[in-house]
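Visitor: Below is my_file.cif; it holds mmCIF, C-alpha atoms.
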```cif
data_final
#
loop_
_atom_site.label_atom_id
_atom_site.label_comp_id
_atom_site.auth_asym_id
_atom_site.auth_seq_id
_atom_site.Cartn_x
_atom_site.Cartn_y
_atom_site.Cartn_z
CA MET A 25 0.00 0.00 0.00
CA VAL A 26 1.28 3.46 -0.92
CA THR A 27 -0.08 6.50 0.89
CA ARG A 28 0.80 10.02 -0.23
CA ASP A 29 -0.55 13.50 0.35
CA ILE A 30 -1.23 15.42 -2.83
CA LYS A 31 -2.19 19.03 -3.31
CA VAL A 32 -4.68 20.38 -5.82
CA CYS A 33 -2.70 22.90 -7.89
CA ASN A 34 -5.18 23.91 -10.58
CA ARG A 35 -7.22 27.03 -9.90
CA ALA A 36 -10.64 25.55 -10.66
CA GLY A 37 -10.26 22.57 -8.34
CA ILE A 38 -11.29 19.07 -9.32
CA HIS A 39 -14.34 19.38 -11.54
CA ALA A 40 -15.65 16.99 -14.17
CA ARG A 41 -12.73 17.03 -16.61
CA PRO A 42 -9.90 16.58 -14.07
CA ALA A 43 -11.97 13.84 -12.42
CA ALA A 44 -12.31 12.07 -15.75
CA ASN A 45 -8.53 12.42 -16.22
CA ILE A 46 -7.83 10.82 -12.86
CA VAL A 47 -10.14 7.90 -13.65
CA LYS A 48 -8.55 7.50 -17.08
CA VAL A 49 -5.06 7.30 -15.61
CA ALA A 50 -6.16 5.10 -12.68
CA ASN A 51 -7.80 2.59 -14.99
CA LYS A 52 -4.48 1.94 -16.72
CA PHE A 53 -3.17 0.23 -13.60
CA ASP A 54 -4.08 -3.06 -12.07
CA SER A 55 -4.47 -1.54 -8.58
CA GLU A 56 -7.09 0.15 -6.48
CA LEU A 57 -7.03 3.91 -5.96
CA TYR A 58 -8.69 5.63 -3.02
CA LEU A 59 -8.78 9.36 -2.37
CA GLU A 60 -9.41 10.81 1.05
CA LYS A 61 -10.45 14.28 2.06
CA GLY A 62 -11.37 14.87 5.67
CA THR A 63 -13.68 12.08 6.75
CA MET A 64 -14.54 11.09 3.18
CA LYS A 65 -12.88 8.19 1.41
CA ILE A 66 -13.91 7.43 -2.13
CA ASN A 67 -13.00 5.08 -4.94
CA GLY A 68 -10.59 6.84 -7.30
CA LYS A 69 -11.93 4.96 -10.30
CA SER A 70 -15.31 6.65 -10.10
CA ILE A 71 -15.87 10.08 -11.64
CA MET A 72 -18.87 11.01 -9.50
CA GLY A 73 -17.01 9.91 -6.39
CA ILE A 74 -14.04 12.16 -7.13
CA ILE A 75 -16.28 15.13 -7.92
CA THR A 76 -18.22 14.71 -4.66
CA LEU A 77 -14.96 15.14 -2.73
CA GLY A 78 -15.28 18.84 -3.47
CA ALA A 79 -11.51 19.22 -3.80
CA THR A 80 -10.91 22.96 -4.13
CA TYR A 81 -7.75 24.84 -5.11
CA GLN A 82 -4.93 24.32 -2.60
CA SER A 83 -6.72 21.58 -0.71
CA THR A 84 -4.80 18.45 0.21
CA LEU A 85 -5.99 14.94 -0.52
CA THR A 86 -4.63 11.67 0.72
CA MET A 87 -4.02 9.17 -2.04
CA ILE A 88 -3.99 5.47 -1.24
CA CYS A 89 -2.89 2.98 -3.89
CA GLU A 90 -3.21 -0.75 -3.33
CA GLY A 91 -2.28 -3.60 -5.62
CA PRO A 92 0.47 -5.00 -7.82
CA GLU A 93 1.16 -1.69 -9.61
CA GLU A 94 0.67 0.64 -6.67
CA GLU A 95 4.01 2.46 -6.98
CA ALA A 96 3.61 3.22 -10.69
CA MET A 97 0.00 4.26 -10.15
CA ALA A 98 0.89 6.63 -7.30
CA ASP A 99 3.60 8.23 -9.45
CA ALA A 100 1.26 8.67 -12.40
CA ILE A 101 -1.52 10.22 -10.32
CA GLU A 102 0.92 12.51 -8.53
CA THR A 103 2.34 13.71 -11.85
CA LEU A 104 -1.18 14.37 -13.08
CA PHE A 105 -1.88 16.55 -10.04
CA GLN A 106 1.43 18.39 -10.43
CA ASN A 107 0.73 19.09 -14.10
CA ARG A 108 -2.60 20.64 -13.07
CA PHE A 109 -4.43 18.06 -15.15
CA GLU A 110 -2.96 19.71 -18.27
CA GLU A 111 -5.22 22.73 -17.80
CA MET B 243 -18.99 15.30 10.99
CA SER B 244 -15.88 17.24 11.83
CA GLU B 245 -17.31 20.61 12.86
CA PHE B 246 -20.85 21.82 13.24
CA THR B 247 -21.49 25.48 13.92
CA ILE B 248 -24.63 27.48 14.69
CA LEU B 249 -24.48 28.70 11.11
CA ASP B 250 -24.61 25.09 9.88
CA LEU B 251 -27.66 24.55 12.08
CA LEU B 252 -29.41 27.56 10.53
CA ASP B 253 -28.40 26.34 7.06
CA LEU B 254 -29.89 22.86 7.47
CA ASP B 255 -32.60 22.23 4.94
CA LEU B 256 -35.28 20.75 7.20
CA LYS B 257 -38.81 20.34 5.98
CA GLU B 258 -42.30 20.11 7.41
CA HIS B 259 -42.39 18.30 10.74
CA ASN B 260 -38.61 18.65 11.12
CA HIS B 261 -38.55 22.39 10.48
CA LEU B 262 -37.01 24.35 13.34
CA GLY B 263 -38.08 27.83 12.18
CA LEU B 264 -34.93 29.41 13.59
CA SER B 265 -33.78 32.94 12.88
CA CYS B 266 -30.94 34.87 14.42
CA ILE B 267 -32.02 38.06 16.20
CA ALA B 268 -28.81 39.09 17.95
CA GLY B 269 -25.14 38.28 18.46
CA ARG B 270 -24.31 37.41 14.86
CA THR B 271 -20.63 37.24 15.67
CA GLY B 272 -21.38 34.12 17.71
CA LEU B 273 -22.76 32.19 14.73
CA SER B 274 -19.39 30.57 14.17
CA ARG B 275 -19.43 28.91 17.60
CA LYS B 276 -19.36 25.14 17.48
CA ILE B 277 -22.02 22.74 18.65
CA THR B 278 -20.33 19.63 19.98
CA THR B 279 -23.12 17.69 21.61
CA SER B 280 -26.69 16.67 20.86
CA LYS B 281 -27.69 17.46 24.44
CA ILE B 282 -30.03 20.38 25.08
CA SER B 283 -30.07 22.49 28.22
CA ARG B 284 -33.03 24.26 29.84
CA PRO B 285 -31.21 26.90 31.89
CA GLY B 286 -33.72 27.19 34.75
CA LEU B 287 -31.30 26.12 37.46
CA PRO B 288 -28.34 28.25 36.30
CA LEU B 289 -30.62 31.30 36.15
CA SER B 290 -31.54 30.73 39.77
CA GLY B 291 -27.85 30.74 40.58
CA PHE B 292 -27.08 27.01 40.68
CA PHE B 293 -24.25 26.35 38.23
CA GLU B 294 -23.11 22.89 39.33
CA GLU B 295 -23.27 20.32 36.52
CA PHE B 296 -24.26 23.13 34.14
CA SER B 297 -24.01 21.78 30.60
CA ASN B 298 -22.45 24.88 29.08
CA ASP B 299 -21.55 23.03 25.87
CA SER B 300 -25.18 22.54 24.85
CA ILE B 301 -27.73 24.84 23.28
CA GLN B 302 -29.70 26.78 25.90
CA VAL B 303 -33.43 26.65 25.25
CA PHE B 304 -35.59 29.32 26.88
CA GLY B 305 -39.23 28.29 27.15
CA ARG B 306 -42.05 30.17 28.83
CA GLY B 307 -40.86 29.31 32.32
CA GLU B 308 -37.31 30.53 31.75
CA GLN B 309 -38.57 33.67 30.00
CA ALA B 310 -40.90 34.50 32.90
CA TYR B 311 -38.01 33.97 35.31
CA LEU B 312 -35.80 36.29 33.25
CA HIS B 313 -38.45 39.01 33.49
CA LYS B 314 -38.63 38.53 37.24
CA LEU B 315 -34.84 38.76 37.60
CA GLU B 316 -34.70 41.91 35.51
CA ALA B 317 -37.56 43.51 37.40
CA GLU B 318 -35.57 42.87 40.58
CA HIS B 319 -32.38 44.22 38.90
CA ASN B 320 -30.73 40.95 39.75
CA LEU B 321 -28.58 40.26 36.70
CA ALA B 322 -25.74 38.36 38.34
CA SER B 323 -26.75 34.89 37.20
CA ILE B 324 -27.55 36.08 33.67
CA GLU B 325 -24.12 37.69 33.41
CA ARG B 326 -22.54 34.55 34.78
CA LEU B 327 -24.44 32.44 32.22
CA PHE B 328 -22.93 34.48 29.40
CA LYS B 329 -19.43 34.08 30.83
CA TYR B 330 -19.63 30.39 29.96
CA ASP B 331 -18.83 29.54 26.36
CA ILE B 332 -22.39 28.47 25.53
CA PRO B 333 -23.11 27.78 21.82
CA CYS B 334 -26.27 29.91 21.65
CA CYS B 335 -29.58 30.77 23.30
CA VAL B 336 -32.91 29.95 21.70
CA PHE B 337 -36.11 31.77 22.59
CA CYS B 338 -39.21 29.70 21.94
CA ASP B 339 -42.93 30.57 21.56
CA GLY B 340 -42.00 33.53 19.35
CA ALA B 341 -40.96 35.56 22.37
CA ASP B 342 -38.30 38.26 22.20
CA PRO B 343 -35.59 38.64 24.82
CA SER B 344 -35.43 41.92 26.73
CA PRO B 345 -33.10 44.68 25.45
CA ARG B 346 -30.88 44.15 28.52
CA PHE B 347 -30.49 40.42 27.73
CA THR B 348 -29.81 41.17 24.04
CA ALA B 349 -27.15 43.72 24.98
CA LEU B 350 -25.41 41.15 27.17
CA ALA B 351 -25.47 38.64 24.32
CA GLU B 352 -23.99 41.19 21.89
CA GLU B 353 -21.26 42.08 24.38
CA THR B 354 -20.17 38.47 24.78
CA GLY B 355 -20.73 37.57 21.13
CA THR B 356 -23.32 34.90 21.87
CA ALA B 357 -25.94 34.28 19.20
CA ILE B 358 -29.61 34.55 20.16
CA LEU B 359 -32.00 32.60 18.00
CA LYS B 360 -35.75 32.73 17.96
CA THR B 361 -38.43 30.27 16.92
CA ASP B 362 -42.23 30.30 16.88
CA LEU B 363 -42.40 26.69 18.02
CA LEU B 364 -43.40 25.71 21.56
CA SER B 365 -40.36 24.87 23.66
CA SER B 366 -41.41 21.22 24.11
CA ASP B 367 -41.94 20.76 20.38
CA PHE B 368 -38.75 22.65 19.55
CA SER B 369 -36.65 20.60 21.99
CA ARG B 370 -37.91 17.37 20.49
CA ARG B 371 -37.15 18.51 16.92
CA LEU B 372 -33.78 19.96 17.84
CA TYR B 373 -32.79 16.79 19.67
CA GLN B 374 -33.79 14.68 16.69
CA THR B 375 -31.89 16.95 14.32
CA LEU B 376 -28.71 17.05 16.39
CA ASP B 377 -28.90 13.31 16.99
CA GLU B 378 -28.80 12.86 13.25
CA VAL B 379 -26.02 15.41 12.78
CA PHE B 380 -23.82 13.63 15.30
CA ALA B 381 -24.79 10.15 14.14
CA PRO B 382 -21.87 7.97 13.00
CA THR B 383 -21.56 8.12 9.22
CA GLN B 384 -19.76 6.16 6.57
CA THR B 385 -19.38 6.91 2.88
CA ILE B 386 -19.48 3.89 0.65
CA HIS B 387 -19.16 3.12 -3.03
CA GLY B 388 -22.53 1.96 -4.30
CA VAL B 389 -25.96 2.99 -5.54
CA LEU B 390 -29.02 3.52 -3.39
CA VAL B 391 -32.41 3.06 -5.04
CA GLU B 392 -35.93 2.69 -3.72
CA VAL B 393 -37.67 -0.34 -5.20
CA TYR B 394 -41.33 -0.93 -4.26
CA GLY B 395 -40.75 1.13 -1.13
CA ILE B 396 -37.70 -0.84 -0.04
CA GLY B 397 -34.35 0.97 0.17
CA VAL B 398 -31.95 -1.18 -1.82
CA LEU B 399 -28.21 -0.56 -1.61
CA ILE B 400 -26.40 -1.99 -4.63
CA THR B 401 -22.68 -2.57 -4.19
CA GLY B 402 -20.01 -4.30 -6.21
CA GLU B 403 -16.73 -3.71 -7.94
CA SER B 404 -16.22 -0.84 -10.37
CA GLY B 405 -17.58 -1.80 -13.77
CA VAL B 406 -19.82 -4.64 -12.61
CA GLY B 407 -22.84 -2.65 -13.77
CA LYS B 408 -24.26 -0.91 -10.69
CA SER B 409 -25.20 2.32 -12.42
CA GLU B 410 -26.64 0.53 -15.47
CA THR B 411 -28.76 -1.65 -13.18
CA ALA B 412 -29.98 1.43 -11.31
CA LEU B 413 -30.77 3.17 -14.61
CA GLU B 414 -32.94 0.25 -15.71
CA LEU B 415 -34.69 0.26 -12.31
CA ILE B 416 -35.45 3.98 -12.67
CA GLU B 417 -36.70 3.36 -16.18
CA ARG B 418 -39.08 0.82 -14.63
CA GLY B 419 -40.50 3.48 -12.30
CA HIS B 420 -38.33 3.15 -9.21
CA ARG B 421 -36.39 5.96 -7.56
CA LEU B 422 -32.78 6.98 -7.28
CA ILE B 423 -31.42 8.33 -4.01
CA SER B 424 -27.74 8.45 -4.86
CA ASP B 425 -25.36 7.00 -7.42
CA ASP B 426 -21.76 6.11 -6.76
CA THR B 427 -21.21 7.60 -3.33
CA VAL B 428 -23.76 6.96 -0.63
CA ARG B 429 -23.49 8.45 2.82
CA LEU B 430 -24.87 6.10 5.44
CA ARG B 431 -25.98 7.32 8.84
CA ASN B 432 -26.60 5.19 11.87
CA ILE B 433 -29.77 6.62 13.39
CA SER B 434 -29.87 5.99 17.16
CA ASP B 435 -28.32 2.53 16.65
CA ASN B 436 -31.63 1.48 15.17
CA PHE B 437 -31.49 1.70 11.42
CA ILE B 438 -29.38 3.02 8.56
CA VAL B 439 -30.42 5.96 6.43
CA GLY B 440 -28.66 6.58 3.14
CA MET B 441 -28.38 9.81 1.19
CA GLY B 442 -26.25 11.54 -1.39
CA GLU B 443 -22.94 12.96 -0.22
CA ASN B 444 -23.78 16.41 -1.52
CA PRO B 445 -27.32 17.64 -2.23
CA LEU B 446 -26.05 19.72 -5.16
CA LEU B 447 -24.50 16.75 -6.90
CA ALA B 448 -27.02 14.06 -5.97
CA HIS B 449 -29.28 12.53 -8.60
CA HIS B 450 -26.53 12.61 -11.17
CA MET B 451 -25.21 9.45 -12.68
CA GLU B 452 -22.21 8.54 -14.76
CA ILE B 453 -22.91 6.04 -17.52
CA ARG B 454 -19.96 4.84 -19.58
CA GLY B 455 -20.42 6.10 -23.11
CA LEU B 456 -22.91 8.82 -22.20
CA GLY B 457 -21.13 10.75 -19.48
CA ILE B 458 -22.77 12.49 -16.56
CA LEU B 459 -26.56 12.60 -16.63
CA ASN B 460 -29.06 14.53 -14.52
CA LEU B 461 -31.67 11.94 -13.62
CA ALA B 462 -34.09 14.48 -12.12
CA ASN B 463 -34.31 16.28 -15.46
CA LEU B 464 -34.34 13.16 -17.59
CA PHE B 465 -36.95 11.17 -15.67
CA GLY B 466 -38.76 13.83 -13.68
CA VAL B 467 -39.18 14.51 -10.00
CA GLY B 468 -40.96 11.18 -9.46
CA ALA B 469 -37.73 9.31 -10.15
CA ILE B 470 -35.73 10.76 -7.28
CA ARG B 471 -35.69 10.79 -3.50
CA ASP B 472 -33.46 12.63 -1.04
CA ARG B 473 -33.00 9.92 1.55
CA LYS B 474 -34.18 6.46 2.36
CA GLN B 475 -33.72 3.82 5.02
CA VAL B 476 -31.48 1.01 3.75
CA GLN B 477 -33.46 -2.21 4.09
CA LEU B 478 -31.77 -4.55 1.65
CA SER B 479 -28.21 -4.88 0.50
CA VAL B 480 -27.59 -6.30 -2.95
CA LYS B 481 -24.05 -7.36 -3.83
CA LEU B 482 -23.30 -7.79 -7.50
CA GLU B 483 -20.33 -9.90 -8.48
CA PRO B 484 -19.06 -11.48 -11.67
CA TRP B 485 -20.43 -15.00 -12.15
CA ASP B 486 -18.19 -17.64 -10.63
CA ALA B 487 -19.20 -21.12 -11.78
CA LYS B 488 -17.37 -22.76 -8.87
CA LYS B 489 -19.06 -20.70 -6.20
CA ASN B 490 -22.17 -21.92 -4.37
CA TYR B 491 -24.95 -19.38 -4.62
CA ASP B 492 -28.10 -19.50 -2.56
CA ARG B 493 -30.44 -21.81 -4.44
CA VAL B 494 -33.23 -22.23 -1.92
CA GLY B 495 -33.39 -18.83 -0.24
CA GLU B 496 -33.69 -20.13 3.30
CA GLY B 497 -30.35 -18.94 4.52
CA SER B 498 -30.45 -15.37 5.71
CA MET B 499 -27.22 -13.50 4.98
CA HIS B 500 -26.56 -10.11 6.47
CA ASP B 501 -24.29 -7.21 5.75
CA HIS B 502 -23.07 -4.97 8.53
CA TYR B 503 -22.92 -1.22 8.11
CA LEU B 504 -21.98 0.93 11.11
CA GLY B 505 -22.81 -1.99 13.37
CA ILE B 506 -26.30 -2.60 12.02
CA ALA B 507 -27.22 -5.81 10.23
CA ILE B 508 -28.98 -5.43 6.88
CA PRO B 509 -30.43 -8.42 4.97
CA MET B 510 -28.14 -9.18 2.04
CA VAL B 511 -28.45 -11.03 -1.25
CA LEU B 512 -25.50 -11.94 -3.43
CA ILE B 513 -26.33 -11.81 -7.11
CA PRO B 514 -23.92 -13.19 -9.70
CA VAL B 515 -23.83 -11.17 -12.92
CA LYS B 516 -23.42 -12.65 -16.35
CA PRO B 517 -24.70 -11.71 -19.78
CA GLY B 518 -28.34 -12.67 -20.18
CA ARG B 519 -29.24 -12.33 -16.51
CA ASN B 520 -31.69 -9.52 -16.09
CA ILE B 521 -30.37 -8.01 -12.86
CA PRO B 522 -33.02 -5.26 -12.46
CA VAL B 523 -35.83 -7.85 -12.51
CA ILE B 524 -33.94 -9.97 -9.98
CA ILE B 525 -33.55 -6.94 -7.70
CA GLU B 526 -37.24 -6.08 -8.09
CA THR B 527 -38.10 -9.62 -7.09
CA ALA B 528 -35.71 -9.50 -4.14
CA ALA B 529 -37.41 -6.27 -2.98
CA ARG B 530 -40.87 -7.84 -3.29
CA ASN B 531 -39.64 -10.88 -1.39
CA GLU B 532 -38.23 -8.62 1.31
CA ARG B 533 -41.63 -6.98 1.67
CA LEU B 534 -43.28 -10.38 1.98
CA LYS B 535 -40.79 -11.31 4.69
CA LYS B 536 -41.64 -8.13 6.57
CA LEU B 537 -45.28 -9.24 6.45
CA GLY B 538 -44.22 -12.58 7.93
CA TYR B 539 -44.38 -14.66 4.76
CA TYR B 540 -41.21 -16.50 3.81
CA SER B 541 -41.46 -17.94 0.29
CA ALA B 542 -38.74 -20.52 0.78
CA LYS B 543 -40.01 -21.67 4.17
CA GLU B 544 -43.65 -21.85 3.04
CA PHE B 545 -42.55 -23.83 0.02
CA ASP B 546 -40.65 -26.24 2.22
CA GLN B 547 -43.70 -26.60 4.47
CA SER B 548 -45.82 -27.53 1.43
CA VAL B 549 -43.24 -30.08 0.35
CA LEU B 550 -43.15 -31.61 3.83
CA LYS B 551 -46.96 -31.78 3.95
CA TRP B 552 -47.09 -33.44 0.58
CA LEU B 553 -44.43 -36.00 1.53
CA GLU B 554 -46.35 -36.71 4.72
CA SER B 555 -49.61 -37.35 2.89
CA GLU B 556 -47.83 -39.48 0.31
CA SER B 557 -46.25 -41.66 2.98
CA ALA B 558 -49.67 -41.99 4.65
CA ARG B 559 -51.11 -43.24 1.34
CA ASN B 560 -48.23 -45.66 0.96
CA MET B 561 -48.92 -47.03 4.43
CA TYR B 562 -52.52 -47.63 3.37
CA ASN B 563 -51.37 -49.40 0.20
CA ILE B 564 -49.03 -51.63 2.19
CA ASN B 565 -51.92 -52.53 4.56
CA GLU B 566 -54.11 -53.42 1.56
CA GLU B 567 -51.47 -55.77 0.25
CA THR B 568 -50.93 -57.65 3.50
CA HIS B 569 -54.67 -58.32 4.09
#
```
Re-express the file's structure as structure tokens.

Guide:
Amino acid sequence: MVTRDIKVCNRAGIHARPAANIVKVANKFDSELYLEKGTMKINGKSIMGIITLGATYQSTLTMICEGPEEEAMADAIETLFQNRFEE
Amino acid sequence: MSEFTILDLLDLDLKEHNHLGLSCIAGRTGLSRKITTSKISRPGLPLSGFFEEFSNDSIQVFGRGEQAYLHKLEAEHNLASIERLFKYDIPCCVFCDGADPSPRFTALAEETGTAILKTDLLSSDFSRRLYQTLDEVFAPTQTIHGVLVEVYGIGVLITGESGVGKSETALELIERGHRLISDDTVRLRNISDNFIVGMGENPLLAHHMEIRGLGILNLANLFGVGAIRDRKQVQLSVKLEPWDAKKNYDRVGEGSMHDHYLGIAIPMVLIPVKPGRNIPVIIETAARNERLKKLGYYSAKEFDQSVLKWLESESARNMYNINEETH
């Protein structure tokens, strides 16, 4: 299991398109992705789940990757966050 | 629930018999104070000067009795206990029966930055509603990945791995006239350790659904207001899983499996999914069956009883035949 804190760097926060991007990247890996914000923990392979997190600009999420490709998945998701979802 | 302030209490969208009718009449700066307990205090004893065991962390509700006592104190210019009350970090004061506090009391509240709220409800009625509301606010919650639909009046929670077809199943159920409470993320609340109520995580985003190939859909607009619900008690848990030929599925329906959410057992059915199995119809049937069970009729058991009766009568006939032969 890999647990990392990631920060939302894009100004608009995680809305529909970034959420779809996360799911797209997550689905490439044979591992489970969970995102946590406060008391909420959601499945990172579900668009509606990610949107309901209400992740605003500068907020910090906890990413949990579990499975055979957890390291690679964590790196890919982290890069996606750092690149501001190519916005 | 991490933090719950007076402002959150005023913002709650409560309807009809749950409506609190609260408005803030003074001490707006105190609206950011936190409420940390579902207990409610009637400050009769503190007003009379007895502050032992005073629950200063709960909302102070002033009914007719307390209000009359306040008037008496003010008429006697005896404000010591009122001043002392405000020295405690109380969340807020609520005046019931539509009564207004005196200007002196309001001034004290403003000075200490304590919010004063007012409601037209009777204090007994208000206390009951407030207690119920706070009980729900502080109830243990859990957010899970699944879909909550109401089928024939039964709250059915559909869970299963990503991509097993939860949303598609729910869509078909809605098409058949049932109702969606929430897709994808369901917030479950344990209500007084009695039952589980499920709702959408965020009222703004509820009633939306993501269908692969179509994107995000607004179900309320597509199917009308009759196809949605805000909340519903979870009465049946349906687990979808890919068909596993080696696994033993329930074939008789006598065994009662349960799922546990927040410490409460919910009847559970495990439904294997494979092409050609019409899952929505199976869920509809499971919901009907659950209703029958609630009425005390167990299909599988009744069926078994009939079989036993029949076997009994057959063996009685056989006995008769044997007797015929021997004579």

Visitor: B:Thr401, B:Asn444, B:Asn565, B:Ser409: which is nearest Ser479 in chain B, counting all atoms listed in the file?

Guide: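 Nearest candidate to Ser479 in chain B out of B:Thr401, B:Asn444, B:Asn565, B:Ser409: B:Thr401.
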
Visitor: Under the rule that all atoms listed in the file are counted, which of B:Gly442, B:Pro484, B:Pro345, B:Gly407 is the nearest residue to Thr76 in chain A?

Guide: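 With all atoms listed in the file as the atom set, the closest residue is B:Gly442.
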
Visitor: Just say which residues the PyMOL selection byres ((chain B) within 7 of (chain A)) picks in this file, as a short mmCIF file (atom, residue, chain, number, x, y, z; two decimals) with C-alpha atoms, keeping the file's coordinate frame.

Guide:
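Full text of part-v1.cif as output:
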```cif
data_model
loop_
_atom_site.label_atom_id
_atom_site.label_comp_id
_atom_site.auth_asym_id
_atom_site.auth_seq_id
_atom_site.Cartn_x
_atom_site.Cartn_y
_atom_site.Cartn_z
CA THR B 385 -19.38 6.91 2.88
CA HIS B 387 -19.16 3.12 -3.03
CA ASP B 426 -21.76 6.11 -6.76
CA THR B 427 -21.21 7.60 -3.33
CA GLU B 443 -22.94 12.96 -0.22
CA ASN B 444 -23.78 16.41 -1.52
CA LEU B 447 -24.50 16.75 -6.90
CA GLU B 452 -22.21 8.54 -14.76
#
```

Visitor: Which residues come within 12 Å of Ser55 in chain A, counting only C-alpha atoms, excluding same-chain residues fewer than 2 positions away, as an NGL selection string?

Guide: (:A and (25-26 or 49-53 or 57-58 or 67-69 or 88-98)) or (:B and (404))

Visitor: Just checking: using only C-alpha atoms, which residue out of B:Glu316, B:Asp435, B:Glu258, B:Glu245 ends up closest to Ile277 in chain B?

Guide: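 Of the candidates, the smallest distance to Ile277 in chain B is held by B:Glu245.
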
Visitor: Select, counting all atoms listed in the file, all protein, DNA and RNA residues no farther than 10 Å from (-32.8, 19.5, 16.2) in file coordinates, and express the selection as a PyMOL selection string.

Guide: chain B and resi 251+254+256+260-262+280-282+368-379

Visitor: Running the PyMOL selection byres ((chain B and resi 418) around 10) on this model by hand, what would come out? Give it as number ranges by chain.

Guide: B: 393, 412-417, 419-421, 469, 522-523, 526

Visitor: Do you have the CA of Gly518 in chain B-CA of Ser424 in chain B distance handy?

Guide: 26.1 Å

Visitor: With the file shown as input, list the residues that the PyMOL selection byres ((chain A and resi 38) around 12) selects, as a ChimeraX atom specification.

Guide: /A:31-37,39-46,71-85,104-105,108-109,111

Visitor: What does the structure give for the distance between CA of Asn531 in chain B and CA of Val494 in chain B, in Å to one decimal?

Guide: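 Computed distance, CA of Asn531 in chain B to CA of Val494 in chain B, equals 13.0 Å.
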
Visitor: Give me, please, the distance in Å between CA of Ile521 in chain B and CA of Leu422 in chain B, quoted to one decimal.

Guide: 16.2 Å

Visitor: In file coordinates, which residues lie within 12 Å of (-33.2, 42.1, 31.2) using all atoms listed in the file, given as a PDB file with C-alpha atoms, keeping the file's coordinate frame?

Guide:
```pdb
ATOM      1  CA  GLN B 309     -38.570  33.670  30.000  1.00  0.00           C
ATOM      2  CA  ALA B 310     -40.900  34.500  32.900  1.00  0.00           C
ATOM      3  CA  TYR B 311     -38.010  33.970  35.310  1.00  0.00           C
ATOM      4  CA  LEU B 312     -35.800  36.290  33.250  1.00  0.00           C
ATOM      5  CA  HIS B 313     -38.450  39.010  33.490  1.00  0.00           C
ATOM      6  CA  LYS B 314     -38.630  38.530  37.240  1.00  0.00           C
ATOM      7  CA  LEU B 315     -34.840  38.760  37.600  1.00  0.00           C
ATOM      8  CA  GLU B 316     -34.700  41.910  35.510  1.00  0.00           C
ATOM      9  CA  ALA B 317     -37.560  43.510  37.400  1.00  0.00           C
ATOM     10  CA  GLU B 318     -35.570  42.870  40.580  1.00  0.00           C
ATOM     11  CA  HIS B 319     -32.380  44.220  38.900  1.00  0.00           C
ATOM     12  CA  ASN B 320     -30.730  40.950  39.750  1.00  0.00           C
ATOM     13  CA  LEU B 321     -28.580  40.260  36.700  1.00  0.00           C
ATOM     14  CA  ALA B 322     -25.740  38.360  38.340  1.00  0.00           C
ATOM     15  CA  SER B 323     -26.750  34.890  37.200  1.00  0.00           C
ATOM     16  CA  ILE B 324     -27.550  36.080  33.670  1.00  0.00           C
ATOM     17  CA  GLU B 325     -24.120  37.690  33.410  1.00  0.00           C
ATOM     18  CA  ASP B 342     -38.300  38.260  22.200  1.00  0.00           C
ATOM     19  CA  PRO B 343     -35.590  38.640  24.820  1.00  0.00           C
ATOM     20  CA  SER B 344     -35.430  41.920  26.730  1.00  0.00           C
ATOM     21  CA  PRO B 345     -33.100  44.680  25.450  1.00  0.00           C
ATOM     22  CA  ARG B 346     -30.880  44.150  28.520  1.00  0.00           C
ATOM     23  CA  PHE B 347     -30.490  40.420  27.730  1.00  0.00           C
ATOM     24  CA  THR B 348     -29.810  41.170  24.040  1.00  0.00           C
ATOM     25  CA  ALA B 349     -27.150  43.720  24.980  1.00  0.00           C
ATOM     26  CA  LEU B 350     -25.410  41.150  27.170  1.00  0.00           C
ATOM     27  CA  ALA B 351     -25.470  38.640  24.320  1.00  0.00           C
TER      28      ALA B 351
END
```

Visitor: Find the axis-aligned box for range 332-347 of chain B, covering all its listed atoms and adding 6 Å on each side, and write its centre and edge lengths in Å to one decimal as JSON.

Guide:
```
{"center_x": -32.7, "center_y": 36.2, "center_z": 23.9, "size_x": 32.5, "size_y": 28.9, "size_z": 21.2}
```

Visitor: Might you pull out every residue within 8 Å of Glu392 in chain B, with all atoms listed in the file counted and same-chain residues fewer than 2 positions away left off, and present them as a ChimeraX atom specification?

Guide: /B:390,394-398,420-423,474

Visitor: Regenerate range 273-277 of chain B at the level of N, CA, C and O atoms and dump it as a tab-separated table (two decimals), in the coordinates of the input.

Guide:
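part_25.tsv written:
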```
chain	number	residue	atom	x	y	z
B	273	LEU	N	-22.23	33.26	15.60
B	273	LEU	CA	-22.76	32.19	14.73
B	273	LEU	C	-21.71	31.15	14.37
B	273	LEU	O	-22.03	30.07	13.93
B	274	SER	N	-20.44	31.52	14.54
B	274	SER	CA	-19.39	30.57	14.17
B	274	SER	C	-19.04	29.64	15.33
B	274	SER	O	-18.18	28.79	15.20
B	275	ARG	N	-19.70	29.81	16.47
B	275	ARG	CA	-19.43	28.91	17.60
B	275	ARG	C	-19.85	27.49	17.26
B	275	ARG	O	-20.82	27.27	16.54
B	276	LYS	N	-19.11	26.54	17.82
B	276	LYS	CA	-19.36	25.14	17.48
B	276	LYS	C	-20.37	24.50	18.42
B	276	LYS	O	-20.43	24.79	19.60
B	277	ILE	N	-21.15	23.59	17.84
B	277	ILE	CA	-22.02	22.74	18.65
B	277	ILE	C	-21.32	21.39	18.69
B	277	ILE	O	-20.96	20.84	17.65
```
